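What follows is a set of notes on a single structure, which appears directly below.
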Amino acid sequence: MANDSIIDYRVEQIFVPKIDFAIEHSNPSKKTWLDIGCGVGEALSVVKSRGFEVLGLEPNMMEAEYASKRFGIEVRQDYISKDTVTRYRGQYGVISMFSVLEHVPDPNQILSDVSAIQEKGDALIIEVPHFPSISTISQMTFPNHINRMMHPPLHLFLFSLRALEGMLDRHGYKINAAWLFGQDFYEMISTLGLFAPALNQSKLLEALSPMISDLQAVIDNHDLSDEVLLVAERV
């Protein structure tokens, strides 16, 4: 993602809506934001433009350096753990983890550590793969063609809303808002095209292509999307 030719597009099309949703549904007392696993800095670039003081944590040196140089944000090559929580405790009104929890061996442990950092009223923003979804059903149906959500060892976990609610409650959070979205319809059609190559050049696909966003909206409205963005509050 450290690519100048696409970074501005990703910021505007992907991260501006996510950050604005997070801000709309949270009311932190401190305008300070910590992004754990900040990657190349797309999220924090938007957060910074919204008037927050920001800090990113990113163990990947190349991504951390790109985020710092491209967006002028401070990025540390650090992790949140029992040994590091004292460095960050009480400082951040918002903590975010975009596409992080699905990659760690113990999501409950990192939620416990984050909870130890935050105070009552602080906000926690989480984006994770959602289950069940049309994408996961598609991949379970054709397990030899898994390419995104159910993708071990890259994704160790998928999360239902009920599981997320229970995990967050366990660590002292309540959910303020949830936004479900994804690429389910596109993925389903792409997978079917592997088994029926004629579909890729068919009039059916030609007719469906302009409607992909509308068809995805139907999936989203029925909570069957493959991604969920949560805004939670420390209680």
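Going by the structure tokens order, chains are called A, B, ..., each with residues numbered from 1, while ligands are numbered from 1 in the order shown.
Proximity to range 35-47 of chain A at 7 Å, evaluated using only C-alpha atoms and with sequence-adjacent residues fewer than 5 positions away removed, yields Met1, Ala2, Val11, Phe15, Val16, Ile19, Phe52, Val54, Leu55, Gly56, Leu57, Glu58, Glu63, Ala64, Tyr66, Ala67, Phe71, Ile95, Ser96, Met97 and Val100 of chain A.
When DSSP is run on the backbone, the residues of range 149-205 of chain A that fall into strand (DSSP E or B) are A:Phe159, A:Tyr173, A:Lys174, A:Ile175, A:Asn176, A:Ala177, A:Ala178, A:Trp179, A:Leu180, A:Phe181.
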- If you run DSSP on the backbone, which residues of range 131-216 of chain A are helix (DSSP H, G or I), as a ChimeraX atom specification? /A:134-141,143-145,161-170,184-195,197-201,203-216
Mind checking which residues fall within 12 Å of Met167 in chain A, counting only C-alpha atoms, ignoring those fewer than 2 positions away in the same chain, and posting them as a compact mmCIF listing (two decimals) with C-alpha atoms, in the first residue's frame?
# COMPACT_ATOMS: atom_id res chain seq x y z
CA LEU A 101 -7.47 -8.38 15.69
CA ASP A 106 -5.02 -13.80 21.30
CA PRO A 107 -7.48 -10.97 20.51
CA ASN A 108 -8.74 -10.94 24.10
CA GLN A 109 -5.27 -10.19 25.40
CA ILE A 110 -4.78 -7.13 23.23
CA LEU A 111 -8.28 -5.91 24.15
CA SER A 112 -7.34 -6.34 27.81
CA SER A 115 -8.64 -1.45 28.10
CA PHE A 159 -15.88 -12.29 14.27
CA SER A 160 -19.64 -12.32 14.66
CA LEU A 161 -21.34 -9.26 16.10
CA ARG A 162 -22.45 -11.32 19.10
CA ALA A 163 -18.89 -12.45 19.78
CA LEU A 164 -17.57 -8.89 19.47
CA GLU A 165 -20.22 -7.60 21.85
CA ASP A 169 -18.25 -6.18 27.37
CA ARG A 170 -15.73 -8.45 29.07
CA HIS A 171 -13.09 -5.74 28.79
CA GLY A 172 -15.23 -2.82 29.87
CA TYR A 173 -16.67 -1.47 26.60
CA LYS A 174 -20.12 -0.97 25.16
CA ILE A 175 -20.80 -0.74 21.42
CA ALA A 232 -17.15 1.28 21.32
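Non-sequential neighbours of Glu127 in chain A (distance at most 6 Å, separation of 2 or more positions within a chain, only C-alpha atoms) are Phe98, Ser99, Val228 and Leu229 of chain A.
The shortest atom-to-atom distance to Lys82 in chain A, with only C-alpha atoms taken into account, belongs to A:Ala116 out of A:Ala116, A:Gly182, A:Ala198, A:Pro28.
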- Task: Please provide the set of residues having any atom within 8 Å of Phe185 in chain A, restricted to only C-alpha atoms, with same-chain residues fewer than 4 positions apart removed, written as a list in words.
- Result: Ile134, Ser135, Ile189, Ile212, Leu215, Gln216 and Ile219 of chain A
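Among the candidates A:Asp8, A:Asp20, A:Asp83, A:Asp122, the residue lying nearest to Thr32 in chain A is A:Asp122 (atoms considered: only C-alpha atoms).
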- Message: I'd like the contact shell of Arg148 in chain A - 9 Å cut-off, only C-alpha atoms, skipping same-chain residues fewer than 3 positions apart - returned as a count of residues only.
- Response: 6
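For His103 in chain A, the list of residues within 9 Å, based on only C-alpha atoms and with local chain neighbours fewer than 6 positions off taken out, reads A:Pro153, A:Leu154, A:His155, A:Leu156, A:Phe157.
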For C-alpha atoms, I'd like the residues from the last selection saved as a PDB file, in the first residue's frame.
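That gives us selection19.pdb:
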ATOM      1  CA  PRO A 153      -2.470 -18.083   8.401  1.00  0.00           C
ATOM      2  CA  LEU A 154      -3.089 -14.420   7.507  1.00  0.00           C
ATOM      3  CA  HIS A 155      -6.514 -14.381   9.185  1.00  0.00           C
ATOM      4  CA  LEU A 156      -6.595 -16.388  12.392  1.00  0.00           C
ATOM      5  CA  PHE A 157     -10.111 -15.273  13.371  1.00  0.00           C
TER       6      PHE A 157
END
